[in-house]
Amino acid sequence: MLNTSTATQKTAASVALGSDQIRTLALGGMFMAMNIAVSSYGIPVPGGHLYLCDAVICTAAILLAPFPAMLVGGIGAFLGDMIFYPAPMFVSLATHGLQALVISLLVHRKAGEQRRRFPLTLLATLIGALIMVIGYTLGKAFVYGSRETAIIGIPYEAAQSLLGVVLSLFLCFKCGLIERFEKLQER
């Protein structure tokens, strides 16, 4: 006769996650929820809206490893669009996923060099902003079938992505989010 408590313990032990993996999963879920939430609210500007999802995506990409950052950026933006404005959801999946992946890869490539951290992070987020502008411009031309519609949106995409860069750098460096995140990782 099989002892069910021993079998249950072995099963639980075989699927158990380490504390680092649980922490990454929880933080990724938190950032993804924030990404979806801020996708629902746009700051009205003449001729359109600016969304704060880029600030969440850039912040997650600065703090998280590349794969979780890519999931937060791509899937979070996809779900936010699917709920609130589904037309560009696949454009968001690809563009924001790539944006977060590239930022995270660049930031974490030289993470140990403290004195170069801000310039490297600034460069990485600006490259991510460029990816976002180009990705959305090409994606909107495809989704809406009009180059003109895509070109008209470039200033809004640029403003949104630069707002995301500024807010994420402010949160990470001026508000000390990086130091708090590193202390959390040490536990």
# chains A, B, ... in the order shown; residues from 1 in each chain; ligands from 1
>>> residues_around(residues="Ala37 in chain A", least_positions_apart="3", cutoff="10 Å", atoms="only C-alpha atoms", output="list of chain:residue names")
A:Phe31, A:Met32, A:Ala33, A:Met34, A:Ser40, A:Tyr41, A:Leu52, A:Cys53, A:Gly76, A:Ala77, A:Leu79, A:Gly80, A:Phe84
>>> write_last_selection(atoms="all heavy atoms", output="short mmCIF file (atom, residue, chain, number, x, y, z; two decimals), in the first residue's frame")
data_model
loop_
_atom_site.label_atom_id
_atom_site.label_comp_id
_atom_site.auth_asym_id
_atom_site.auth_seq_id
_atom_site.Cartn_x
_atom_site.Cartn_y
_atom_site.Cartn_z
N PHE A 31 4.46 43.75 -11.72
CA PHE A 31 4.72 44.67 -12.83
C PHE A 31 3.72 44.45 -13.97
O PHE A 31 3.29 45.40 -14.62
CB PHE A 31 6.15 44.53 -13.34
CG PHE A 31 7.16 45.28 -12.54
CD1 PHE A 31 8.19 44.62 -11.89
CD2 PHE A 31 7.11 46.67 -12.44
CE1 PHE A 31 9.13 45.31 -11.15
CE2 PHE A 31 8.04 47.37 -11.70
CZ PHE A 31 9.06 46.69 -11.05
N MET A 32 3.36 43.19 -14.23
CA MET A 32 2.40 42.91 -15.29
C MET A 32 1.04 43.51 -14.95
O MET A 32 0.37 44.11 -15.81
CB MET A 32 2.28 41.42 -15.55
CG MET A 32 1.55 41.12 -16.84
SD MET A 32 1.53 39.40 -17.31
CE MET A 32 3.25 39.04 -17.50
N ALA A 33 0.62 43.37 -13.70
CA ALA A 33 -0.65 43.96 -13.26
C ALA A 33 -0.61 45.48 -13.39
O ALA A 33 -1.59 46.11 -13.83
CB ALA A 33 -0.96 43.55 -11.82
N MET A 34 0.51 46.08 -13.02
CA MET A 34 0.65 47.53 -13.16
C MET A 34 0.58 47.93 -14.63
O MET A 34 -0.05 48.94 -14.98
CB MET A 34 1.96 48.00 -12.54
CG MET A 34 1.99 47.93 -11.04
SD MET A 34 3.63 48.24 -10.32
CE MET A 34 3.99 49.85 -10.92
N SER A 40 -5.14 51.26 -19.11
CA SER A 40 -6.53 51.69 -19.13
C SER A 40 -6.68 53.20 -19.01
O SER A 40 -7.75 53.74 -19.25
CB SER A 40 -7.31 51.03 -17.99
OG SER A 40 -6.88 51.53 -16.75
N TYR A 41 -5.61 53.89 -18.66
CA TYR A 41 -5.71 55.33 -18.44
C TYR A 41 -4.70 56.06 -19.32
O TYR A 41 -3.51 55.79 -19.25
CB TYR A 41 -5.45 55.67 -16.97
CG TYR A 41 -5.45 57.15 -16.71
CD1 TYR A 41 -6.63 57.87 -16.70
CD2 TYR A 41 -4.25 57.83 -16.52
CE1 TYR A 41 -6.63 59.23 -16.50
CE2 TYR A 41 -4.25 59.20 -16.31
CZ TYR A 41 -5.44 59.89 -16.30
OH TYR A 41 -5.43 61.24 -16.11
N LEU A 52 0.98 55.48 -19.72
CA LEU A 52 2.12 55.32 -18.82
C LEU A 52 2.71 53.92 -18.81
O LEU A 52 3.59 53.63 -18.00
CB LEU A 52 1.70 55.71 -17.39
CG LEU A 52 1.26 57.17 -17.23
CD1 LEU A 52 0.77 57.42 -15.81
CD2 LEU A 52 2.39 58.11 -17.58
N CYS A 53 2.25 53.07 -19.71
CA CYS A 53 2.75 51.69 -19.71
C CYS A 53 4.26 51.64 -20.00
O CYS A 53 4.95 50.76 -19.50
CB CYS A 53 1.98 50.83 -20.70
SG CYS A 53 2.01 51.40 -22.39
N GLY A 76 1.99 41.85 -20.75
CA GLY A 76 1.25 42.89 -20.02
C GLY A 76 0.60 43.89 -20.95
O GLY A 76 -0.58 44.23 -20.80
N ALA A 77 1.34 44.36 -21.96
CA ALA A 77 0.78 45.31 -22.93
C ALA A 77 -0.29 44.63 -23.78
O ALA A 77 -1.32 45.24 -24.10
CB ALA A 77 1.89 45.88 -23.80
N LEU A 79 -2.28 42.11 -22.91
CA LEU A 79 -3.51 41.95 -22.12
C LEU A 79 -4.21 43.29 -21.89
O LEU A 79 -5.44 43.38 -21.94
CB LEU A 79 -3.20 41.27 -20.79
CG LEU A 79 -2.78 39.80 -20.89
CD1 LEU A 79 -2.34 39.29 -19.52
CD2 LEU A 79 -3.89 38.95 -21.46
N GLY A 80 -3.42 44.34 -21.63
CA GLY A 80 -4.01 45.66 -21.46
C GLY A 80 -4.75 46.10 -22.72
O GLY A 80 -5.88 46.61 -22.65
N PHE A 84 -8.79 46.78 -23.20
CA PHE A 84 -9.22 48.16 -23.36
C PHE A 84 -9.27 48.65 -24.81
O PHE A 84 -10.05 49.53 -25.14
CB PHE A 84 -8.33 49.10 -22.54
CG PHE A 84 -8.34 48.76 -21.08
CD1 PHE A 84 -7.24 48.20 -20.47
CD2 PHE A 84 -9.48 48.97 -20.32
CE1 PHE A 84 -7.25 47.86 -19.13
CE2 PHE A 84 -9.51 48.65 -18.97
CZ PHE A 84 -8.39 48.09 -18.37
#
>>> residues_around(residues="Gln160 in chain A", least_positions_apart="3", cutoff="8 Å", atoms="only C-alpha atoms", output="PyMOL selection string")
chain A and resi 50-52+54+156-157+163-164
>>> write_last_selection(atoms="C-alpha atoms", output="CSV table (one decimal), in the first residue's frame")
chain,number,residue,atom,x,y,z
A,50,LEU,CA,-0.1,59.3,-23.7
A,51,TYR,CA,-0.1,56.1,-21.8
A,52,LEU,CA,2.1,55.3,-18.8
A,54,ASP,CA,6.2,52.6,-21.0
A,156,TYR,CA,2.7,60.8,-29.7
A,157,GLU,CA,4.7,57.5,-29.7
A,163,LEU,CA,7.9,60.0,-20.8
A,164,GLY,CA,8.4,56.3,-19.9
>>> residues_around(residues="Ala65 in chain A", least_positions_apart="2", cutoff="8 Å", atoms="only C-alpha atoms", output="list in words")
Ala61, Leu63, Phe67, Pro68, Ala69, Ser104, Leu105 and His108 of chain A
>>> residues_around(residues="Asp81 in chain A", least_positions_apart="6", cutoff="8 Å", atoms="only C-alpha atoms", output="ChimeraX atom specification")
/A:36,39,87-89,92
>>> write_last_selection(atoms="C-alpha atoms", output="PDB file, in the first residue's frame")
ATOM      1  CA  ILE A  36      -2.359  46.275 -17.540  1.00  0.00           C
ATOM      2  CA  SER A  39      -2.994  50.726 -20.099  1.00  0.00           C
ATOM      3  CA  ALA A  87      -6.813  46.545 -32.453  1.00  0.00           C
ATOM      4  CA  PRO A  88      -3.058  46.916 -31.774  1.00  0.00           C
ATOM      5  CA  MET A  89      -2.699  44.130 -29.196  1.00  0.00           C
ATOM      6  CA  SER A  92       2.000  45.735 -28.421  1.00  0.00           C
TER       7      SER A  92
END
>>> residues_around(residues="Phe173 in chain A", least_positions_apart="5", cutoff="12 Å", atoms="only C-alpha atoms", output="list in words")
Thr59, Ile62, Leu63, Gln114, Arg117, Phe118, Pro119, Thr121, Leu122, Val165, Val166, Leu167, Ser168, Ile178, Glu179, Arg180 and Phe181 of chain A
>>> write_last_selection(atoms="all heavy atoms", output="compact mmCIF listing (two decimals), in the first residue's frame")
# COMPACT_ATOMS: atom_id res chain seq x y z
N THR A 59 10.82 50.40 -16.23
CA THR A 59 11.21 50.12 -14.85
C THR A 59 11.39 48.62 -14.64
O THR A 59 12.38 48.19 -14.04
CB THR A 59 10.15 50.67 -13.87
OG1 THR A 59 10.00 52.07 -14.09
CG2 THR A 59 10.54 50.42 -12.43
N ILE A 62 14.60 47.48 -16.27
CA ILE A 62 15.80 47.88 -15.53
C ILE A 62 16.02 46.94 -14.34
O ILE A 62 17.15 46.57 -14.04
CB ILE A 62 15.68 49.35 -15.05
CG1 ILE A 62 15.73 50.30 -16.25
CG2 ILE A 62 16.77 49.70 -14.04
CD1 ILE A 62 15.33 51.73 -15.93
N LEU A 63 14.95 46.54 -13.69
CA LEU A 63 15.06 45.76 -12.46
C LEU A 63 15.09 44.25 -12.66
O LEU A 63 15.79 43.54 -11.93
CB LEU A 63 13.91 46.12 -11.52
CG LEU A 63 13.85 47.58 -11.05
CD1 LEU A 63 12.61 47.82 -10.23
CD2 LEU A 63 15.11 47.96 -10.29
N GLN A 114 29.19 49.99 -11.09
CA GLN A 114 28.34 50.99 -10.47
C GLN A 114 28.47 52.38 -11.10
O GLN A 114 27.49 53.05 -11.32
CB GLN A 114 28.64 51.11 -8.97
CG GLN A 114 28.15 49.97 -8.14
CD GLN A 114 26.66 49.97 -7.98
OE1 GLN A 114 25.92 49.88 -8.95
NE2 GLN A 114 26.21 50.06 -6.76
N ARG A 117 26.52 52.81 -14.31
CA ARG A 117 25.15 52.31 -14.29
C ARG A 117 24.15 53.30 -14.90
O ARG A 117 23.35 52.92 -15.74
CB ARG A 117 24.73 51.95 -12.88
CG ARG A 117 23.32 51.41 -12.83
CD ARG A 117 22.93 51.03 -11.46
NE ARG A 117 23.17 49.62 -11.30
CZ ARG A 117 22.99 48.96 -10.18
NH1 ARG A 117 22.58 49.60 -9.11
NH2 ARG A 117 23.21 47.69 -10.11
N PHE A 118 24.18 54.56 -14.49
CA PHE A 118 23.19 55.51 -15.02
C PHE A 118 23.36 55.75 -16.51
O PHE A 118 22.37 55.67 -17.25
CB PHE A 118 23.19 56.83 -14.25
CG PHE A 118 22.16 57.79 -14.78
CD1 PHE A 118 20.83 57.66 -14.41
CD2 PHE A 118 22.51 58.79 -15.67
CE1 PHE A 118 19.86 58.52 -14.93
CE2 PHE A 118 21.55 59.65 -16.20
CZ PHE A 118 20.22 59.51 -15.81
N PRO A 119 24.56 56.06 -17.00
CA PRO A 119 24.68 56.28 -18.45
C PRO A 119 24.27 55.05 -19.28
O PRO A 119 23.62 55.20 -20.32
CB PRO A 119 26.17 56.60 -18.66
CG PRO A 119 26.66 57.04 -17.34
CD PRO A 119 25.82 56.33 -16.32
N THR A 121 22.12 52.72 -18.39
CA THR A 121 20.67 52.56 -18.29
C THR A 121 19.96 53.62 -19.14
O THR A 121 18.95 53.31 -19.79
CB THR A 121 20.23 52.67 -16.82
OG1 THR A 121 20.95 51.70 -16.06
CG2 THR A 121 18.75 52.40 -16.66
N LEU A 122 20.47 54.83 -19.16
CA LEU A 122 19.90 55.87 -20.01
C LEU A 122 19.97 55.46 -21.47
O LEU A 122 18.98 55.55 -22.21
CB LEU A 122 20.63 57.21 -19.79
CG LEU A 122 20.23 58.35 -20.71
CD1 LEU A 122 18.76 58.71 -20.54
CD2 LEU A 122 21.13 59.55 -20.47
N VAL A 165 10.79 56.73 -20.33
CA VAL A 165 12.21 56.74 -20.00
C VAL A 165 12.46 57.63 -18.78
O VAL A 165 13.11 57.23 -17.81
CB VAL A 165 13.06 57.22 -21.20
CG1 VAL A 165 14.49 57.54 -20.80
CG2 VAL A 165 13.03 56.18 -22.31
N VAL A 166 11.94 58.85 -18.83
CA VAL A 166 12.17 59.80 -17.74
C VAL A 166 11.59 59.29 -16.42
O VAL A 166 12.26 59.33 -15.39
CB VAL A 166 11.58 61.19 -18.11
CG1 VAL A 166 11.56 62.12 -16.91
CG2 VAL A 166 12.35 61.81 -19.26
N LEU A 167 10.36 58.80 -16.45
CA LEU A 167 9.73 58.31 -15.22
C LEU A 167 10.46 57.09 -14.66
O LEU A 167 10.66 56.99 -13.44
CB LEU A 167 8.26 57.98 -15.46
CG LEU A 167 7.32 59.16 -15.63
CD1 LEU A 167 5.92 58.70 -16.00
CD2 LEU A 167 7.28 60.01 -14.37
N SER A 168 10.87 56.17 -15.52
CA SER A 168 11.55 54.97 -15.02
C SER A 168 12.92 55.32 -14.44
O SER A 168 13.30 54.79 -13.40
CB SER A 168 11.68 53.92 -16.11
OG SER A 168 12.53 54.37 -17.15
N ILE A 178 16.25 51.04 -7.34
CA ILE A 178 17.29 50.03 -7.62
C ILE A 178 17.89 49.51 -6.32
O ILE A 178 18.05 48.30 -6.14
CB ILE A 178 18.39 50.60 -8.54
CG1 ILE A 178 17.85 50.74 -9.96
CG2 ILE A 178 19.63 49.72 -8.53
CD1 ILE A 178 18.85 51.31 -10.94
N GLU A 179 18.22 50.41 -5.40
CA GLU A 179 18.81 49.98 -4.13
C GLU A 179 17.83 49.12 -3.34
O GLU A 179 18.22 48.11 -2.76
CB GLU A 179 19.24 51.19 -3.29
CG GLU A 179 20.48 51.87 -3.81
CD GLU A 179 20.20 52.83 -4.97
OE1 GLU A 179 19.03 53.22 -5.16
OE2 GLU A 179 21.14 53.15 -5.70
N ARG A 180 16.58 49.51 -3.32
CA ARG A 180 15.57 48.72 -2.60
C ARG A 180 15.40 47.35 -3.25
O ARG A 180 15.25 46.34 -2.55
CB ARG A 180 14.24 49.46 -2.57
CG ARG A 180 14.29 50.67 -1.68
CD ARG A 180 12.95 51.33 -1.55
NE ARG A 180 13.07 52.44 -0.63
CZ ARG A 180 12.71 53.67 -0.92
NH1 ARG A 180 12.17 53.96 -2.08
NH2 ARG A 180 12.86 54.63 -0.04
N PHE A 181 15.42 47.31 -4.56
CA PHE A 181 15.29 46.05 -5.28
C PHE A 181 16.48 45.15 -5.00
O PHE A 181 16.33 43.95 -4.78
CB PHE A 181 15.15 46.32 -6.78
CG PHE A 181 14.86 45.11 -7.59
CD1 PHE A 181 13.58 44.58 -7.63
CD2 PHE A 181 15.86 44.49 -8.31
CE1 PHE A 181 13.30 43.45 -8.38
CE2 PHE A 181 15.60 43.36 -9.06
CZ PHE A 181 14.31 42.84 -9.09
>>> atom_distance(atom1="CA of Thr137 in chain A", atom2="CA of Val107 in chain A")
25.2 Å
>>> closest_residue(among="A:Ile131, A:Val143, A:Ile103, A:Leu71", to="Phe90 in chain A", atoms="only C-alpha atoms")
A:Val143
>>> atom_distance(atom1="CA of Ala150 in chain A", atom2="CA of Ala124 in chain A")
24.5 Å
>>> select_by_dssp(residues="chain A", states="alpha helix (DSSP H)", output="MDAnalysis selection string")
chainID A and resid 4:15 19:38 53:63 66:84 89:109 117:144 147:152 154:169 177:186
